[in-house]
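Chemist: Structure: structure.csv, CSV, C-alpha atoms.
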```csv
chain,number,residue,atom,x,y,z
F,1,MET,CA,0.0,0.0,0.0
F,2,PRO,CA,1.5,3.4,-1.0
F,3,SER,CA,2.6,5.7,1.8
F,4,ILE,CA,0.8,9.0,2.4
F,5,ALA,CA,3.8,10.9,1.2
F,6,LYS,CA,3.8,8.9,-2.1
F,7,LYS,CA,0.0,9.6,-2.5
F,8,HIS,CA,0.6,13.3,-2.1
F,9,LYS,CA,3.5,13.3,-4.5
F,10,ASP,CA,1.4,11.4,-7.1
F,11,ALA,CA,-1.6,13.8,-6.6
F,12,ALA,CA,0.8,16.8,-6.9
F,13,HIS,CA,2.2,15.3,-10.1
F,14,THR,CA,-1.3,14.7,-11.5
F,15,ILE,CA,-2.2,18.3,-10.6
F,16,GLU,CA,0.9,19.6,-12.4
F,17,GLU,CA,0.2,17.5,-15.5
F,18,ASN,CA,-3.4,18.8,-15.5
F,19,LYS,CA,-2.3,22.4,-15.1
F,20,ASN,CA,0.2,22.0,-18.0
F,21,GLU,CA,-2.4,20.4,-20.2
F,22,LEU,CA,-4.9,23.2,-19.4
F,23,ALA,CA,-2.3,25.9,-20.0
F,24,ILE,CA,-1.7,24.5,-23.5
F,25,LYS,CA,-5.4,24.4,-24.3
F,26,LEU,CA,-5.9,27.9,-23.0
F,27,LEU,CA,-3.0,29.2,-25.2
F,28,SER,CA,-4.8,27.8,-28.2
F,29,LEU,CA,-8.0,29.9,-27.6
F,30,LYS,CA,-8.6,32.5,-30.2
F,31,ASP,CA,-11.9,33.9,-29.0
F,32,GLU,CA,-11.3,37.0,-26.9
F,33,GLU,CA,-14.6,36.8,-25.0
F,34,SER,CA,-13.8,33.3,-23.9
F,35,VAL,CA,-10.3,34.3,-22.7
F,36,GLN,CA,-11.8,37.2,-20.8
F,37,MET,CA,-14.4,35.0,-19.2
F,38,LEU,CA,-11.8,32.5,-18.1
F,39,LYS,CA,-9.6,35.4,-16.8
F,40,VAL,CA,-12.5,36.5,-14.6
F,41,ILE,CA,-13.1,33.0,-13.3
F,42,PHE,CA,-9.4,32.4,-12.5
F,43,GLU,CA,-9.1,35.8,-10.8
F,44,ASP,CA,-12.1,35.0,-8.7
F,45,ILE,CA,-10.8,31.6,-7.7
F,46,THR,CA,-7.3,32.8,-6.9
F,47,SER,CA,-8.2,36.0,-5.1
F,48,ASN,CA,-11.0,34.7,-3.0
F,49,SER,CA,-10.8,31.2,-1.7
F,50,LYS,CA,-13.4,31.8,1.0
F,51,LYS,CA,-16.9,30.7,0.7
F,52,ILE,CA,-19.3,33.3,-0.5
F,53,SER,CA,-22.7,34.2,1.0
F,54,LYS,CA,-25.9,33.0,-0.4
F,55,VAL,CA,-26.8,36.6,-1.4
F,56,ARG,CA,-23.6,37.0,-3.4
F,57,TYR,CA,-24.0,33.5,-5.0
F,58,ASN,CA,-27.6,34.4,-6.0
F,59,LYS,CA,-26.4,37.7,-7.4
F,60,GLU,CA,-23.7,36.0,-9.5
F,61,ILE,CA,-26.2,33.5,-10.8
F,62,ASP,CA,-28.7,36.3,-11.7
F,63,ALA,CA,-25.9,38.2,-13.5
F,64,ALA,CA,-24.9,35.1,-15.5
F,65,VAL,CA,-28.5,34.4,-16.5
F,66,LYS,CA,-28.8,38.1,-17.6
F,67,ARG,CA,-25.6,37.8,-19.7
F,68,VAL,CA,-27.0,34.6,-21.4
F,69,ARG,CA,-30.4,36.2,-22.1
F,70,ASN,CA,-28.6,39.2,-23.6
F,71,GLY,CA,-26.8,36.9,-26.0
F,72,LYS,CA,-23.4,37.3,-24.2
F,73,SER,CA,-22.6,33.6,-24.2
F,74,ILE,CA,-20.9,31.0,-26.3
F,75,PRO,CA,-23.1,28.5,-28.1
F,76,ASN,CA,-22.5,24.9,-27.0
F,77,GLN,CA,-21.6,23.9,-30.6
F,78,GLN,CA,-18.9,26.5,-30.6
F,79,VAL,CA,-17.4,25.2,-27.4
F,80,MET,CA,-17.5,21.6,-28.8
F,81,ASP,CA,-15.9,22.7,-32.0
F,82,GLU,CA,-13.1,24.5,-30.1
F,83,MET,CA,-12.6,21.4,-27.9
F,84,ASP,CA,-12.2,19.3,-31.1
F,85,THR,CA,-9.2,21.4,-32.0
F,86,TRP,CA,-7.5,20.5,-28.7
```
Go ahead and express the file in the form of structure tokens.
Modeler:
Amino acid sequence: MPSIAKKHKDAAHTIEENKNELAIKLLSLKDEESVQMLKVIFEDITSNSKKISKVRYNKEIDAAVKRVRNGKSIPNQQVMDEMDTW
């Protein structure tokens, strides 16, 4: 049975592999709106690792729904087509 240290090392290696793979995919993105959206997501994740309140969560959901209703979203087919190029 692997030791705890080995498990952590394996998990860290997997995380690094996944980060590298994701970085390569992100570098291939050509759609500026997608890049900006991902930038906002990453900034939020890295700057605020604390849990958010229900009120803030609901506001974020409402804002996302509003963006989609205003046509500021990426069609699923476009996402799938982009993924096929990866």
Chemist: With all atoms listed in the file as the counted atoms, please give the residues lying no more than 9 Å from Trp86 in chain F, apart from itself and same-chain residues fewer than 4 positions off, as a VMD selection string.
Modeler: chain F and resid 24 to 25 28 82
Chemist: Write out as a list in words each polymer residue whose atoms come within 9 Å of Glu33 in chain F, counting all atoms listed in the file; drop sequence neighbours fewer than 3 positions from it.
Modeler: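 With the cut-off at 9 Å, the set is Gln36, Met37, Leu38, Lys72, Ser73 and Ile74 of chain F.
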Chemist: Can you list, as a short mmCIF file (atom, residue, chain, number, x, y, z; two decimals) with C-alpha atoms, keeping the file's coordinate frame, every protein, DNA or RNA residue that comes within 12 Å of Met83 in chain F when you count all atoms listed in the file, leaving out same-chain residues fewer than 5 positions away?
Modeler:
```cif
data_model
loop_
_atom_site.label_atom_id
_atom_site.label_comp_id
_atom_site.auth_asym_id
_atom_site.auth_seq_id
_atom_site.Cartn_x
_atom_site.Cartn_y
_atom_site.Cartn_z
CA LEU F 22 -4.90 23.20 -19.40
CA LYS F 25 -5.40 24.40 -24.30
CA LEU F 26 -5.90 27.90 -23.00
CA SER F 28 -4.80 27.80 -28.20
CA LEU F 29 -8.00 29.90 -27.60
CA ASN F 76 -22.50 24.90 -27.00
CA GLN F 77 -21.60 23.90 -30.60
CA GLN F 78 -18.90 26.50 -30.60
#
```
Chemist: Quick check, in Å to one decimal: how far apart do CA of Val40 in chain F and CA of Ala63 in chain F lie?
Modeler: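 These two atoms are separated by 13.6 Å.
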